[in-house]
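What follows is coords_17.cif (mmCIF, C-alpha atoms and all ligand atoms).
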```cif
data_structure
#
loop_
_atom_site.label_atom_id
_atom_site.label_comp_id
_atom_site.auth_asym_id
_atom_site.auth_seq_id
_atom_site.Cartn_x
_atom_site.Cartn_y
_atom_site.Cartn_z
CA SER A 49 -10.53 -30.48 10.64
CA GLU A 50 -12.60 -31.06 7.56
CA SER A 51 -15.55 -29.07 8.82
CA VAL A 52 -13.48 -25.92 9.36
CA GLU A 53 -12.12 -26.29 5.84
CA GLN A 54 -15.58 -26.72 4.40
CA ARG A 55 -16.92 -23.79 6.36
CA LEU A 56 -14.11 -21.55 5.10
CA LYS A 57 -14.59 -22.62 1.52
CA GLN A 58 -18.32 -22.10 1.85
CA ASN A 59 -17.95 -18.59 3.26
CA LEU A 60 -15.37 -17.77 0.60
CA LYS A 61 -17.89 -18.62 -2.07
CA GLU A 62 -21.16 -17.55 -0.49
CA ILE A 63 -20.07 -14.33 1.19
CA PHE A 64 -17.15 -13.09 -0.90
CA GLY A 65 -18.05 -14.75 -4.19
CA PHE A 66 -14.62 -16.30 -4.85
CA ASP A 67 -14.21 -19.87 -6.09
CA ASN A 68 -10.70 -20.43 -4.75
CA PHE A 69 -8.20 -19.11 -2.28
CA ARG A 70 -5.32 -17.23 -3.77
CA GLY A 71 -1.74 -18.15 -2.91
CA GLU A 72 -1.36 -18.71 0.82
CA GLN A 73 -4.67 -17.19 1.88
CA GLU A 74 -6.09 -20.46 3.20
CA LYS A 75 -3.03 -21.23 5.34
CA ILE A 76 -3.00 -17.69 6.68
CA ILE A 77 -6.69 -17.79 7.51
CA LYS A 78 -6.27 -21.07 9.37
CA SER A 79 -3.41 -19.60 11.34
CA VAL A 80 -5.55 -16.63 12.36
CA ILE A 81 -8.46 -18.87 13.31
CA SER A 82 -6.23 -21.04 15.46
CA GLY A 83 -5.42 -17.95 17.53
CA LYS A 84 -1.74 -17.66 16.59
CA ASN A 85 -0.06 -14.33 16.06
CA THR A 86 0.29 -14.08 12.30
CA PHE A 87 2.48 -11.83 10.18
CA VAL A 88 1.51 -11.43 6.53
CA ILE A 89 3.92 -9.83 4.08
CA MET A 90 2.53 -9.82 0.57
CA PRO A 91 2.57 -7.29 -2.26
CA THR A 92 -0.29 -4.94 -2.94
CA GLY A 93 -3.18 -6.63 -4.67
CA ALA A 94 -2.32 -10.08 -3.31
CA GLY A 95 -5.54 -10.20 -1.28
CA LYS A 96 -4.49 -9.49 2.29
CA SER A 97 -7.86 -8.13 3.45
CA LEU A 98 -9.53 -11.51 3.07
CA CYS A 99 -6.97 -12.94 5.52
CA TYR A 100 -8.71 -11.14 8.37
CA GLN A 101 -12.17 -10.59 6.90
CA LEU A 102 -12.93 -14.26 6.41
CA PRO A 103 -11.71 -15.39 9.86
CA ALA A 104 -13.84 -12.64 11.37
CA THR A 105 -16.95 -14.18 9.81
CA VAL A 106 -16.18 -17.58 11.29
CA LEU A 107 -15.05 -16.65 14.80
CA GLU A 108 -17.22 -15.65 17.69
CA GLY A 109 -17.15 -11.98 18.68
CA THR A 110 -15.82 -8.93 16.87
CA ALA A 111 -12.50 -8.55 15.08
CA ILE A 112 -10.81 -5.19 15.54
CA VAL A 113 -9.20 -3.84 12.38
CA ILE A 114 -6.72 -1.01 12.73
CA SER A 115 -6.23 0.91 9.52
CA PRO A 116 -4.52 4.26 8.89
CA LEU A 117 -6.94 5.98 6.53
CA ILE A 118 -10.61 6.78 7.03
CA ALA A 119 -11.18 6.45 3.26
CA LEU A 120 -9.77 2.91 3.25
CA MET A 121 -11.93 1.95 6.20
CA LYS A 122 -15.04 3.29 4.58
CA ASN A 123 -14.34 1.38 1.35
CA GLN A 124 -13.97 -1.89 3.17
CA VAL A 125 -16.97 -1.35 5.43
CA ASP A 126 -19.15 -0.50 2.40
CA GLN A 127 -17.96 -3.58 0.59
CA LEU A 128 -18.50 -5.91 3.56
CA THR A 129 -21.94 -4.42 4.15
CA ALA A 130 -22.80 -5.16 0.53
CA TYR A 131 -21.71 -8.77 1.18
CA GLY A 132 -24.17 -8.87 4.06
CA ILE A 133 -21.57 -8.80 6.85
CA ASN A 134 -22.10 -6.53 9.83
CA ALA A 135 -19.00 -4.32 9.68
CA GLN A 136 -18.67 -0.85 11.17
CA PHE A 137 -16.14 1.80 11.85
CA LEU A 138 -15.37 3.91 14.85
CA ASN A 139 -13.77 7.24 14.06
CA SER A 140 -14.10 10.96 14.47
CA THR A 141 -16.68 11.30 11.65
CA LEU A 142 -19.46 9.67 13.72
CA ASN A 143 -21.97 11.58 15.82
CA LYS A 144 -23.07 10.50 19.28
CA SER A 145 -26.02 8.36 18.23
CA GLU A 146 -24.11 6.63 15.44
CA MET A 147 -21.36 5.94 17.92
CA ASN A 148 -23.85 4.35 20.33
CA ARG A 149 -25.35 2.18 17.63
CA VAL A 150 -21.89 0.87 16.68
CA LYS A 151 -21.05 0.15 20.30
CA ASN A 152 -24.33 -1.68 20.87
CA ASP A 153 -23.71 -3.87 17.83
CA VAL A 154 -20.29 -4.77 19.15
CA ILE A 155 -21.43 -5.51 22.70
CA SER A 156 -24.33 -7.62 21.45
CA GLY A 157 -21.91 -9.50 19.20
CA VAL A 158 -23.64 -8.91 15.85
CA CYS A 159 -20.80 -6.76 14.54
CA LYS A 160 -18.14 -9.02 13.03
CA LEU A 161 -15.53 -6.40 12.11
CA LEU A 162 -14.91 -3.10 13.80
CA TYR A 163 -12.56 -0.74 11.96
CA ILE A 164 -10.74 1.77 14.13
CA ALA A 165 -8.19 4.46 13.41
CA PRO A 166 -5.30 4.28 15.87
CA GLU A 167 -6.07 7.74 17.25
CA SER A 168 -9.62 6.62 18.14
CA LEU A 169 -8.22 3.54 19.80
CA THR A 170 -6.36 5.62 22.34
CA LYS A 171 -9.48 7.49 23.53
CA GLU A 172 -10.30 6.60 27.12
CA ASP A 173 -14.03 5.81 26.70
CA ASN A 174 -13.35 3.69 23.61
CA LEU A 175 -10.85 1.74 25.64
CA GLU A 176 -13.38 1.13 28.40
CA PHE A 177 -15.91 0.01 25.85
CA LEU A 178 -13.49 -2.39 24.14
CA LYS A 179 -12.70 -4.00 27.49
CA LYS A 180 -16.36 -4.97 27.77
CA ALA A 181 -16.56 -6.38 24.24
CA LYS A 182 -15.82 -9.92 23.09
CA ILE A 183 -12.96 -9.51 20.64
CA SER A 184 -11.91 -12.35 18.37
CA PHE A 185 -8.54 -10.92 17.27
CA VAL A 186 -6.85 -7.67 16.26
CA ALA A 187 -5.77 -7.04 12.67
CA VAL A 188 -3.16 -4.33 12.10
CA ASP A 189 -3.39 -3.42 8.43
CA GLU A 190 -0.61 -1.41 6.72
CA ALA A 191 1.57 -2.47 9.64
CA HIS A 192 4.66 -0.75 8.21
CA CYS A 193 3.13 2.51 9.49
CA ILE A 194 4.55 1.43 12.85
CA SER A 195 8.14 1.81 11.69
CA GLU A 196 10.20 4.94 11.47
CA TRP A 197 12.31 3.15 8.86
CA GLY A 198 9.31 2.79 6.61
CA HIS A 199 8.02 5.29 4.13
CA ASP A 200 4.74 6.00 5.86
CA PHE A 201 5.46 6.29 9.57
CA ARG A 202 2.50 7.14 11.80
CA PRO A 203 3.43 7.76 15.43
CA GLU A 204 0.00 6.64 16.76
CA TYR A 205 0.75 3.15 15.43
CA ARG A 206 3.47 2.91 18.07
CA LYS A 207 0.82 2.86 20.80
CA ILE A 208 -1.16 -0.07 19.39
CA LYS A 209 0.59 -2.79 21.37
CA ASP A 210 0.10 -1.08 24.74
CA ILE A 211 -3.56 -0.57 24.02
CA ILE A 212 -4.12 -4.16 22.95
CA GLU A 213 -2.40 -5.36 26.12
CA ASN A 214 -4.58 -3.05 28.11
CA ILE A 215 -7.70 -4.59 26.57
CA ASP A 216 -6.60 -8.21 26.85
CA THR A 217 -3.03 -9.54 26.84
CA ALA A 218 -4.09 -12.79 25.19
CA LEU A 219 -5.60 -11.25 22.05
CA PRO A 220 -4.09 -12.73 18.89
CA ILE A 221 -2.71 -10.23 16.41
CA VAL A 222 -2.50 -10.42 12.66
CA ALA A 223 -0.20 -7.81 11.13
CA LEU A 224 -0.31 -7.17 7.39
CA THR A 225 1.90 -5.13 5.10
CA ALA A 226 3.00 -4.81 1.50
CA THR A 227 6.19 -2.94 2.23
CA ALA A 228 8.48 -4.74 4.54
CA THR A 229 12.17 -4.43 4.08
CA PRO A 230 13.95 -6.73 6.52
CA LYS A 231 14.55 -3.75 8.80
CA VAL A 232 10.89 -2.70 8.82
CA GLN A 233 9.87 -6.32 9.37
CA LEU A 234 11.96 -6.55 12.51
CA ASP A 235 10.58 -3.28 13.72
CA ILE A 236 6.99 -4.45 13.25
CA LYS A 237 7.63 -7.69 15.14
CA LYS A 238 9.33 -5.84 17.97
CA SER A 239 6.73 -3.07 18.24
CA LEU A 240 3.81 -5.50 18.29
CA ASN A 241 5.70 -7.94 20.49
CA MET A 242 5.07 -10.82 18.13
CA ASP A 243 8.40 -12.61 17.92
CA ASP A 244 6.47 -15.85 18.18
CA SER A 245 4.37 -15.10 15.11
CA VAL A 246 3.89 -17.36 12.13
CA ILE A 247 5.24 -15.49 9.11
CA PHE A 248 3.79 -15.69 5.63
CA LYS A 249 5.88 -13.91 3.07
CA THR A 250 5.43 -14.25 -0.65
CA SER A 251 7.74 -12.95 -3.34
CA PHE A 252 7.55 -9.29 -4.25
CA ASN A 253 8.49 -9.95 -7.82
CA ARG A 254 6.03 -8.53 -10.32
CA ALA A 255 7.22 -10.43 -13.36
CA ASN A 256 4.91 -8.64 -15.80
CA LEU A 257 6.24 -5.16 -14.99
CA TYR A 258 9.00 -3.68 -17.14
CA TYR A 259 11.23 -1.25 -15.23
CA GLU A 260 13.04 1.56 -16.96
CA VAL A 261 14.86 4.73 -15.90
CA ARG A 262 15.63 7.46 -18.41
CA PRO A 263 17.83 10.44 -17.76
CA LYS A 264 15.57 13.48 -17.46
CA GLN A 265 16.57 15.95 -20.13
CA ASN A 266 13.61 17.61 -21.75
CA ALA A 267 11.04 15.92 -19.54
CA LYS A 268 7.93 17.36 -21.16
CA LYS A 269 8.98 16.21 -24.61
CA GLN A 270 10.05 12.87 -23.22
CA LEU A 271 6.68 12.40 -21.58
CA ILE A 272 4.69 13.36 -24.65
CA LYS A 273 6.73 10.93 -26.71
CA PHE A 274 6.11 8.10 -24.25
CA VAL A 275 2.35 8.66 -23.89
CA SER A 276 2.01 9.00 -27.67
CA GLN A 277 3.47 5.53 -27.99
CA ASN A 278 0.86 4.38 -25.46
CA ARG A 279 -2.17 6.27 -26.71
CA GLY A 280 -5.52 4.99 -25.47
CA LYS A 281 -3.98 2.98 -22.66
CA SER A 282 -4.63 3.65 -18.98
CA GLY A 283 -1.75 5.15 -17.06
CA ILE A 284 -0.69 7.16 -14.04
CA VAL A 285 1.90 9.95 -14.10
CA TYR A 286 3.31 10.78 -10.66
CA CYS A 287 4.71 14.25 -10.01
CA LEU A 288 6.24 15.65 -6.88
CA SER A 289 4.17 18.81 -6.40
CA ARG A 290 0.56 19.85 -6.85
CA LYS A 291 1.67 22.63 -9.12
CA LYS A 292 3.54 20.20 -11.35
CA VAL A 293 0.50 17.92 -11.43
CA GLU A 294 -1.69 20.74 -12.74
CA GLU A 295 0.92 21.78 -15.25
CA ILE A 296 1.48 18.29 -16.66
CA ALA A 297 -2.24 17.46 -16.79
CA GLU A 298 -2.73 20.65 -18.78
CA LEU A 299 0.20 19.81 -21.04
CA LEU A 300 -1.27 16.40 -21.82
CA ASN A 301 -4.69 17.88 -22.52
CA VAL A 302 -3.27 20.48 -24.86
CA ASN A 303 -1.56 17.64 -26.69
CA GLY A 304 -4.80 15.76 -27.15
CA PHE A 305 -4.67 13.26 -24.31
CA LYS A 306 -7.54 12.63 -21.91
CA ALA A 307 -5.81 13.44 -18.64
CA LEU A 308 -7.06 14.61 -15.24
CA PRO A 309 -5.20 15.90 -12.18
CA TYR A 310 -5.36 14.40 -8.70
CA HIS A 311 -3.81 15.84 -5.54
CA ALA A 312 -4.77 16.63 -1.96
CA GLY A 313 -5.23 20.34 -2.76
CA LEU A 314 -8.27 19.68 -4.95
CA ASP A 315 -11.81 19.76 -3.61
CA PRO A 316 -12.80 16.32 -2.32
CA GLU A 317 -15.62 16.21 -4.89
CA VAL A 318 -13.29 17.02 -7.77
CA ARG A 319 -10.84 14.41 -6.54
CA MET A 320 -13.59 11.82 -6.34
CA LYS A 321 -14.90 12.77 -9.77
CA ASN A 322 -11.47 12.52 -11.38
CA GLN A 323 -10.76 9.21 -9.73
CA ASP A 324 -14.11 7.82 -10.90
CA ALA A 325 -13.45 9.09 -14.43
CA PHE A 326 -10.21 7.13 -14.43
CA LEU A 327 -11.81 3.99 -13.01
CA ASN A 328 -14.68 4.20 -15.49
CA GLU A 329 -12.42 4.79 -18.50
CA ASN A 330 -13.65 8.30 -19.12
CA CYS A 331 -10.08 9.49 -18.92
CA ASP A 332 -6.90 7.66 -19.89
CA ILE A 333 -4.31 9.28 -17.68
CA VAL A 334 -4.32 10.49 -14.11
CA VAL A 335 -1.56 12.95 -13.29
CA ALA A 336 -1.12 12.78 -9.55
CA THR A 337 0.88 13.29 -6.42
CA ILE A 338 1.39 10.27 -4.19
CA ALA A 339 -1.98 11.13 -2.64
CA PHE A 340 -3.43 9.02 -5.46
CA GLY A 341 -3.57 5.28 -5.44
CA MET A 342 -3.85 3.73 -1.99
CA GLY A 343 -6.68 1.25 -2.08
CA ILE A 344 -7.41 1.84 -5.75
CA ASP A 345 -7.96 -1.39 -7.58
CA LYS A 346 -7.93 -0.79 -11.35
CA PRO A 347 -6.70 -3.95 -13.04
CA ASP A 348 -5.70 -2.61 -16.46
CA VAL A 349 -3.30 0.24 -15.71
CA ARG A 350 -0.69 -0.21 -18.46
CA PHE A 351 1.93 2.31 -17.39
CA VAL A 352 3.13 4.24 -14.38
CA VAL A 353 5.45 7.14 -15.09
CA HIS A 354 7.47 8.88 -12.40
CA TYR A 355 7.91 12.30 -13.87
CA ASP A 356 9.90 13.17 -10.75
CA ALA A 357 11.94 10.75 -8.65
CA PRO A 358 10.08 9.33 -5.63
CA LYS A 359 11.34 9.65 -2.04
CA SER A 360 11.99 5.98 -1.45
CA LEU A 361 12.15 2.62 -3.18
CA GLU A 362 9.25 1.45 -1.06
CA GLY A 363 7.10 4.25 -2.38
CA TYR A 364 8.36 3.56 -5.88
CA TYR A 365 7.49 -0.12 -5.60
CA GLN A 366 4.00 0.69 -4.28
CA GLU A 367 3.32 3.22 -6.98
CA THR A 368 4.64 1.13 -9.87
CA GLY A 369 2.73 -1.82 -8.41
CA ARG A 370 -0.51 -0.22 -9.57
CA ALA A 371 0.38 -1.19 -13.14
CA GLY A 372 -0.52 -4.59 -14.57
CA ARG A 373 -2.70 -5.90 -11.77
CA ASP A 374 -4.48 -8.04 -14.37
CA GLY A 375 -1.25 -9.91 -15.08
CA ILE A 376 -0.78 -8.32 -18.51
CA ASP A 377 2.45 -6.37 -19.05
CA GLY A 378 2.87 -2.91 -17.62
CA THR A 379 5.64 -0.37 -18.08
CA CYS A 380 7.19 1.51 -15.17
CA LEU A 381 9.16 4.46 -16.43
CA MET A 382 11.05 6.94 -14.30
CA PHE A 383 12.66 10.17 -15.41
CA TYR A 384 15.67 10.71 -13.26
CA ALA A 385 17.72 13.82 -12.62
CA LEU A 386 20.06 14.63 -9.82
CA ASP A 387 18.34 18.00 -9.49
CA ASP A 388 15.19 16.24 -8.33
CA ILE A 389 17.09 14.45 -5.59
CA THR A 390 18.48 17.76 -4.40
CA LYS A 391 14.94 19.14 -4.34
CA LEU A 392 13.74 16.19 -2.26
CA GLU A 393 16.60 16.71 0.15
CA LYS A 394 15.51 20.31 0.69
CA PHE A 395 12.13 19.05 1.94
CA ASN A 396 13.95 17.26 4.74
CA LYS A 397 15.66 20.38 6.00
CA ASP A 398 13.09 21.12 8.70
CA LYS A 399 12.95 17.59 10.08
CA ASN A 400 14.71 16.53 13.24
CA VAL A 401 18.06 14.74 12.96
CA THR A 402 16.72 11.18 13.12
CA GLU A 403 13.97 11.83 10.63
CA ARG A 404 16.38 13.56 8.33
CA ASP A 405 18.87 10.69 8.47
CA ASN A 406 16.13 8.16 7.79
CA ALA A 407 14.77 10.14 4.89
CA LYS A 408 18.25 10.52 3.49
CA ALA A 409 18.99 6.80 3.74
CA LEU A 410 15.76 6.04 1.84
CA LEU A 411 16.67 8.60 -0.78
CA MET A 412 20.15 7.18 -1.26
CA GLU A 413 18.67 3.78 -2.05
CA MET A 414 16.60 5.53 -4.69
CA VAL A 415 19.68 7.23 -6.14
CA ALA A 416 21.56 3.95 -6.31
CA TYR A 417 18.63 2.22 -8.01
CA SER A 418 18.34 4.95 -10.61
CA SER A 419 22.03 5.35 -11.33
CA LEU A 420 23.43 1.83 -11.34
CA GLY A 421 23.60 -0.34 -14.43
CA VAL A 422 22.52 -3.42 -12.46
CA CYS A 423 19.29 -5.32 -13.25
CA ARG A 424 16.53 -3.13 -11.80
CA ARG A 425 14.45 -6.04 -10.56
CA ARG A 426 17.47 -7.52 -8.79
CA GLN A 427 17.96 -4.21 -6.97
CA LEU A 428 14.31 -3.81 -6.06
CA LEU A 429 13.95 -7.35 -4.78
CA SER A 430 17.19 -7.25 -2.87
CA TYR A 431 15.85 -4.17 -1.13
CA PHE A 432 12.96 -6.35 0.03
CA GLY A 433 15.35 -9.05 1.20
CA GLU A 434 15.00 -11.35 -1.82
CA GLN A 435 17.93 -12.63 -3.86
CA MET A 436 17.52 -13.39 -7.55
CA GLU A 437 19.54 -16.18 -9.11
CA LYS A 438 19.89 -14.52 -12.46
CA ASP A 439 19.08 -11.17 -14.01
CA CYS A 440 15.48 -10.67 -15.09
CA GLY A 441 15.90 -9.88 -18.78
CA PHE A 442 12.87 -7.59 -18.53
CA CYS A 443 14.21 -4.17 -17.54
CA ASP A 444 16.20 -1.49 -19.35
CA ASN A 445 19.51 -2.52 -17.81
CA CYS A 446 19.02 -6.11 -18.91
CA LYS A 447 17.92 -5.10 -22.39
CA LYS A 448 20.82 -2.74 -22.98
CA PRO A 449 23.43 -3.33 -20.35
CA THR A 450 25.39 -0.18 -21.00
CA LYS A 451 25.45 2.22 -18.08
CA THR A 452 23.36 5.31 -18.60
CA PHE A 453 24.94 7.07 -15.67
CA LYS A 454 28.24 7.08 -13.89
CA GLY A 455 26.38 5.92 -10.82
CA LYS A 456 29.07 6.00 -8.17
CA GLU A 457 30.13 9.58 -8.70
CA GLU A 458 26.57 10.79 -8.53
CA VAL A 459 25.92 8.94 -5.30
CA GLU A 460 28.99 10.51 -3.72
CA LEU A 461 28.06 13.92 -4.96
CA VAL A 462 24.68 13.80 -3.29
CA ILE A 463 26.01 12.47 -0.02
CA LYS A 464 28.36 15.42 0.27
CA THR A 465 25.71 18.10 -0.18
P1 LIG A 501 -4.06 -6.15 -0.65
O1 LIG A 501 -4.65 -5.65 0.63
O2 LIG A 501 -3.14 -7.31 -0.47
O3 LIG A 501 -3.44 -5.08 -1.49
P2 LIG A 501 -6.81 -6.63 -1.35
O4 LIG A 501 -7.21 -7.32 -0.11
O5 LIG A 501 -7.22 -5.22 -1.49
O6 LIG A 501 -5.23 -6.74 -1.56
O7 LIG A 501 -7.31 -7.50 -2.59
C1 LIG A 501 -6.99 -7.17 -3.91
C2 LIG A 501 -8.04 -7.71 -4.85
O8 LIG A 501 -8.00 -9.12 -4.92
C3 LIG A 501 -9.45 -7.32 -4.46
O9 LIG A 501 -10.14 -6.90 -5.60
C4 LIG A 501 -10.03 -8.63 -3.93
O10 LIG A 501 -11.43 -8.69 -4.09
C5 LIG A 501 -9.32 -9.66 -4.78
N1 LIG A 501 -9.22 -11.00 -4.17
C6 LIG A 501 -8.81 -11.28 -2.92
N2 LIG A 501 -8.84 -12.61 -2.68
C7 LIG A 501 -9.29 -13.19 -3.81
C8 LIG A 501 -9.54 -14.56 -4.20
N3 LIG A 501 -9.34 -15.59 -3.38
N4 LIG A 501 -10.01 -14.77 -5.46
C9 LIG A 501 -10.21 -13.73 -6.30
N5 LIG A 501 -10.01 -12.44 -6.00
C10 LIG A 501 -9.53 -12.16 -4.77
MG MG A 502 -4.61 -3.92 1.81
#
```
Could I get this file's structure written as structure tokens?
Amino acid sequence: SESVEQRLKQNLKEIFGFDNFRGEQEKIIKSVISGKNTFVIMPTGAGKSLCYQLPATVLEGTAIVISPLIALMKNQVDQLTAYGINAQFLNSTLNKSEMNRVKNDVISGVCKLLYIAPESLTKEDNLEFLKKAKISFVAVDEAHCISEWGHDFRPEYRKIKDIIENIDTALPIVALTATATPKVQLDIKKSLNMDDSVIFKTSFNRANLYYEVRPKQNAKKQLIKFVSQNRGKSGIVYCLSRKKVEEIAELLNVNGFKALPYHAGLDPEVRMKNQDAFLNENCDIVVATIAFGMGIDKPDVRFVVHYDAPKSLEGYYQETGRAGRDGIDGTCLMFYALDDITKLEKFNKDKNVTERDNAKALLMEMVAYSSLGVCRRRQLLSYFGEQMEKDCGFCDNCKKPTKTFKGKEEVELVIKT
């Protein structure tokens, strides 16, 4: 009805400060409010959070938000608090009295969004408490974590459905992800038992990103050449190991670039400081492992370089997706060598058979992408279940359609090892 529409628009403006909904946000929000199971598949940066945050402000009771990372939860809770919304999180960092305050706010109904890590959700006393609360709906953010086929599988996510059913079988679910290949999509629907869900999927095409793969020969020289051509611009250089991150950051500094390292082995304070320096333009380049980037919203990243090949096309798409958020062109450059693939395969040695097979399948997609002379965007999008009518004209293979590699032979070579 009109009044719901007005109310949504009003909250959008008055609470979140946005003049208009973006893309399908309004339709999604209405679907959530109507109590339907809703499945949202949109690329990073599309604005998925609003699709559960706004409904939570309108509906009675508390929305439960399941999210995989404590840092992500904290960011969102801080932001919502600044907007004047009562949002809280429940995780292992809270002491007893903080925990009680959160629970009181939920039971009394003032808390509109309660963020929970899946491992806290399974705790017996939390479960008892949630049964007593009035819950509006459950949002499962980063829903691909539920799937073994995905690039970021978290076993605790598998238990979500049982727990929700235990709390209340009628609770509506909204699942959100930026990385759903058709296989992962099916897995999410099955695991959350939401075959009946309304699906909102927007294109994964990032038209302003230029994709390029260069054979890795003298990688250090190649990198210096590339960043010299992009001096003063913001960029991220992804490396496979912490050691490599340190080495490349140092290399860039020695060559007169303002670069800082970022990886999980650094002190949390140093990590935070380096990240802030990047966000505040006190450094141009962050050299990082994949630990860097989730939840980081810097609009003017102009290039993302993969110094080493990533483990999967999903990861690659996520990482390159951090370029050009402002809609202005961004370059996504990967240095590719078969040696790197062999290295990645060695990491999988200790995994069990299923995990190893999955990891290998993901890696093979990566090898094909890097080696084939086919339009890169066509390959990427087809991986996400989208067919392009014609080649993009904005990738290296479209610009110079000569094959850099004899793709097929390389693929076979790797499969045999
Ligand atoms: P996702 O989870 O899909 O990656 P986020 O929810 O983090 O995306 O949103 C990305 C950015 O878009 C955030 O900075 C957010 O404030 C902004 N945003 C979301 N919705 C709107 C809107 N309707 N108008 C303007 N900016 C928006
Ligand atoms: Mg998100």
Wanna dump the range 152-254 of chain A-range 428-438 of chain A contacts at 10 Å for me, each residue with its shortest atom pair and the distance in Å to one decimal, counting all atoms listed in the file, ordered by chain and number, as CSV?
```
residue,atom,partner,partner_atom,distance
A:Thr227,CA,A:Phe432,CA,7.9
A:Ala228,CA,A:Phe432,CA,6.6
A:Thr229,CA,A:Phe432,CA,4.6
A:Pro230,CA,A:Gly433,CA,6.0
A:Lys231,CA,A:Phe432,CA,9.3
A:Val232,CA,A:Phe432,CA,9.7
A:Gln233,CA,A:Phe432,CA,9.8
A:Ser251,CA,A:Glu434,CA,7.6
A:Phe252,CA,A:Leu429,CA,6.7
A:Asn253,CA,A:Leu429,CA,6.8
A:Arg254,CA,A:Leu429,CA,9.7
```
Pick the closest to ligand MG 502 (chain A) from A:Ile112, A:Val293, A:Ile344, A:Ser276: which is it, counting all atoms listed in the file? A:Ile344
Figure out the distance between CA of Asn68 in chain A and CA of Arg373 in chain A, please, to one decimal in Å.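 For CA of Arg373 in chain A relative to CA of Asn68 in chain A, the distance reads 18.0 Å.
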Name the residues, by chain letter and number, that sit within 7 Å of ligand LIG 501 (chain A) using all atoms listed in the file, and give them as a PyMOL selection string. chain A and resi 66-70+90-98+226+343+345
Proximity to Lys122 in chain A - best of A:Gly304, A:Lys75, A:Thr141, A:Val154, all atoms listed in the file: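 That would be A:Thr141, the residue with the smallest distance to Lys122 in chain A.
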Could you name the residues that touch Arg290 in chain A at 9 Å or less, counting only C-alpha atoms, but leaving out those on the same chain fewer than 2 positions away, as a ChimeraX atom specification? /A:287-288,292-295,309-313,336-337
Please report the interatomic distance between CA of Val334 in chain A and CA of Gly283 in chain A in Å with one decimal.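 Result for CA of Val334 in chain A versus CA of Gly283 in chain A: 6.6 Å, one decimal.
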Excluding Tyr100 in chain A and its own-chain neighbours fewer than 4 positions away, which residues fall within 8 Å of it when counting only C-alpha atoms? Please give them as a ChimeraX atom specification. /A:77,80,96,104,187,222
Would you mind putting N, CA and C atoms back on range 420-433 of chain A and writing the result as a short mmCIF file (atom, residue, chain, number, x, y, z; two decimals), in the coordinates of the input?
```cif
data_model
loop_
_atom_site.label_atom_id
_atom_site.label_comp_id
_atom_site.auth_asym_id
_atom_site.auth_seq_id
_atom_site.Cartn_x
_atom_site.Cartn_y
_atom_site.Cartn_z
N LEU A 420 22.60 3.00 -11.06
CA LEU A 420 23.43 1.83 -11.34
C LEU A 420 22.96 1.09 -12.58
N GLY A 421 23.92 0.41 -13.22
CA GLY A 421 23.60 -0.34 -14.43
C GLY A 421 23.13 -1.76 -14.14
N VAL A 422 22.90 -2.07 -12.88
CA VAL A 422 22.52 -3.42 -12.46
C VAL A 422 21.04 -3.67 -12.76
N CYS A 423 20.69 -4.91 -13.04
CA CYS A 423 19.29 -5.32 -13.25
C CYS A 423 18.39 -4.65 -12.22
N ARG A 424 17.39 -3.91 -12.70
CA ARG A 424 16.53 -3.13 -11.80
C ARG A 424 15.77 -4.04 -10.84
N ARG A 425 15.26 -5.15 -11.39
CA ARG A 425 14.45 -6.04 -10.56
C ARG A 425 15.32 -6.65 -9.44
N ARG A 426 16.55 -6.99 -9.80
CA ARG A 426 17.47 -7.52 -8.79
C ARG A 426 17.62 -6.51 -7.64
N GLN A 427 17.78 -5.25 -8.00
CA GLN A 427 17.96 -4.21 -6.97
C GLN A 427 16.71 -4.05 -6.11
N LEU A 428 15.57 -3.99 -6.78
CA LEU A 428 14.31 -3.81 -6.06
C LEU A 428 14.07 -4.96 -5.09
N LEU A 429 14.24 -6.18 -5.61
CA LEU A 429 13.95 -7.35 -4.78
C LEU A 429 14.96 -7.49 -3.65
N SER A 430 16.19 -7.14 -3.93
CA SER A 430 17.19 -7.25 -2.87
C SER A 430 16.88 -6.25 -1.75
N TYR A 431 16.29 -5.14 -2.13
CA TYR A 431 15.85 -4.17 -1.13
C TYR A 431 14.79 -4.78 -0.21
N PHE A 432 13.98 -5.68 -0.77
CA PHE A 432 12.96 -6.35 0.03
C PHE A 432 13.45 -7.68 0.61
N GLY A 433 14.77 -7.86 0.58
CA GLY A 433 15.35 -9.05 1.20
C GLY A 433 15.28 -10.32 0.36
#
```
